[in-house]
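Below: the structure, in structure tokens.
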Amino acid sequence: MLNTTRENQYRISKEKGYLASSGLLLIAFSSAFFPRIVESIGAPAPINFVHFFIIPIACLYVLAVCRVSDQKHLSIVRSLIRWLYVLLGVMTASALFNRAGAVNIFLNYMIQAEPFLFLAAVVCIPFSRERLEFFRGWIIKFGIIHLALALIQWVGLTVGVINFTDLTLQDNIQGVFYVSSGGHVVGATVSLIFGLYYYVSAPKHLIKLRLCVLAAGFAHVLISDAKQVVMVGIVAWCLLILSRVKDLKVTIKYVALATVSIYGFYWAIYNVDFLRPYRTWIRPEIYGPNGDATVQKLFSIESIISHFTSIWHWFLGLGPGHTVGRIGGWMIRDYASLLQPLGATTHPVVQPIWNYWRDSYLDSSFFSPFWGWAGIWGDVGFLGLGVYLCLWGIVWCRVCVDDLSRFLVLNVLVNGFLFTLMEEPGFMLTTAAFLGLRWQELNLRSSPQRQVTTRLTRSSP
């Protein structure tokens, strides 16, 4: 009897520990998801840096206190952490070779490592069904807040209650990412993946609610005129179809659905006035080998190569935060008064690329010479790029348990060719949260041992 009591107390204590860990991860997630909207109501700009400290502290604490016994959990977490160490080593070597500042290493590493560290922490927790619902419920609430804010901004901007910034009305519809350059694209992308996640993961009997949330996500994409979100989604969907070629029935189903959807959307572009802006991209002459869009997109690559003075630059790049990633392209420049006294360094390759883009008539982020894959390669070379791809390879092979998860990963990878969304903390942490949730949800269903543990916990006095 005494042993049974101690066992029950141990279980209850362990469950409380998991609840505390999941709550800590929710706080960490909030620190990256809400700083823009908090800044817009008066918080100081450095609030955008808080997540660089909260997320690693919270995630490392969770990884330290959660005793993982399941080998599937343990193998994934170890693989991610091992390659994150390798990424840090390559980034440090690049910084030493190029004399980049220590703050460059910290910021560039954290902005790339945060999603994988957060994902490892979510996977690490052996959730019971109740604790998983607690964590999932709050992530969904955050998504609802974002969608609601976007719709409120649309109404307020349309009737004149909210004033424009120097952006267009559509560009000001940003949800929790209000107000930031490119925030409408980030916000629309988050709404899209949130709508898809909720539609797939919510209970089947809530079909009306699932459809409403999905429709709201697509509505945000349309009212914010985030054309590239649609384009990226289509390309990611097509790649998902190709990745499922071995499963003939699923492939045929996806191909048929994709064909009808793409044809329907193309028809709507030319027959629905609301979708007229999408016609502006249908200009074949700018996409050829010598087309303006192609030349502008590759200008950053040519500029980076022109500054290579050693063969080692091909392998280690020009230094973390020195080229066209989020840190080198925006953050060090926008927060120079804060970061330069801390030793942040810059590189002369960046300003000419900015000048080229400012003078171009192709001013959409879709055609930006600042894009994710170019930034990673430019900063840390082929070695850093290879390590980063290995991290995504682990996620694809070990964490992606259904087509939604695979679509989320492909959506990130395709976005890397357009802009710097793969280094946008709010978007990347949202993607990591959904990936972790889907892995936990489907793993919980297929794990009899964890289901038994859940039932025992319920029956504990």
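Numbering starts fresh at 1 for the residues of each chain in the structure tokens, the chains themselves are lettered A, B, ... in the order given, and ligands are numbered from 1 as they appear.
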Taking only C-alpha atoms into account, produce a table as JSON lines in which each residue of segment 378-436 of chain A with an atom at most 9 Å from an atom of segment 178-197 of chain A appears once, together with its shortest atom pair and the distance in Å to one decimal, ordered by chain and rising number.
{"residue": "A:Leu404", "atom": "CA", "partner": "A:Tyr197", "partner_atom": "CA", "distance": 7.2}
{"residue": "A:Ser405", "atom": "CA", "partner": "A:Tyr197", "partner_atom": "CA", "distance": 9.0}
{"residue": "A:Leu408", "atom": "CA", "partner": "A:Ile193", "partner_atom": "CA", "distance": 7.2}
{"residue": "A:Leu421", "atom": "CA", "partner": "A:Val186", "partner_atom": "CA", "distance": 7.0}
{"residue": "A:Glu424", "atom": "CA", "partner": "A:Val186", "partner_atom": "CA", "distance": 7.9}
{"residue": "A:Gly426", "atom": "CA", "partner": "A:Val186", "partner_atom": "CA", "distance": 8.1}
{"residue": "A:Phe427", "atom": "CA", "partner": "A:Val190", "partner_atom": "CA", "distance": 6.0}
{"residue": "A:Thr430", "atom": "CA", "partner": "A:Val190", "partner_atom": "CA", "distance": 7.2}
{"residue": "A:Thr431", "atom": "CA", "partner": "A:Ile193", "partner_atom": "CA", "distance": 7.8}
{"residue": "A:Phe434", "atom": "CA", "partner": "A:Tyr197", "partner_atom": "CA", "distance": 7.1}
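Look at Gly317 of chain A: the protein and nucleic acid residues within 6 Å of it, using only C-alpha atoms and passing over chain neighbours fewer than 2 places away, are His313, Trp314, Phe315, Gly319, Gly378, Asp379, Val380 and Gly381 of chain A.
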Using only C-alpha atoms, determine which residues lie at most 12 Å from Ser243 of chain A, disregarding the query and same-chain residues fewer than 6 positions distant; provide the list as a list in words.
Ala236, Trp237, Val250, Thr251, Tyr254, Val255, Trp396, Asp402, Asp403, Arg406, Phe407 and Leu410 of chain A
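Our summary of the geometry notes that atom CA of Gln340 of chain A is positioned 14.4 Å from atom CA of Arg99 of chain A.
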Kindly provide the residues of segment 59-83 of chain A that approach segment 119-124 of chain A to within 6 Å, each paired with its closest atom pair and their distance in Å to one decimal, based on only C-alpha atoms, listed by chain and increasing number, as a tab-separated table.
residue	atom	partner	partner_atom	distance
A:Cys59	CA	A:Ala121	CA	5.5
A:Leu63	CA	A:Ala121	CA	5.8
A:His73	CA	A:Cys124	CA	5.9
A:Val77	CA	A:Ala120	CA	5.1
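Nearest residue to Leu87 of chain A, choosing from A:Leu391, A:Ala256, A:Ala20, A:Ile353 and counting only C-alpha atoms: A:Leu391.
Atom CA of Tyr335 of chain A sits 25.1 Å away from atom CA of Leu117 of chain A.
Closest approach to Leu24 of chain A from the set A:Ser79, A:Ala102, A:Ile125, A:Leu248 is made by A:Ile125, with distances taken over only C-alpha atoms.
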Backbone DSSP call of alpha helix (DSSP H) for segment 171-201 of chain A, listed as number ranges by chain
A: 183-201
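Among the candidates A:Asp334, A:Phe417, A:Leu362, A:Ser21, the residue lying nearest to Gly291 of chain A is A:Leu362 (atoms considered: only C-alpha atoms).
The closest residue to Ser368 of chain A, picked from A:Gly264, A:Gly436, A:Gly416, A:Pro56 and counting only C-alpha atoms, is A:Gly416.
Atom CA of Pro348 of chain A is found 13.9 Å from atom CA of Thr309 of chain A.
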Taking only C-alpha atoms into account, name the residue in A:Val387, A:Ala148, A:Leu298, A:Ala202 that is nearest to Glu133 of chain A.
A:Ala202
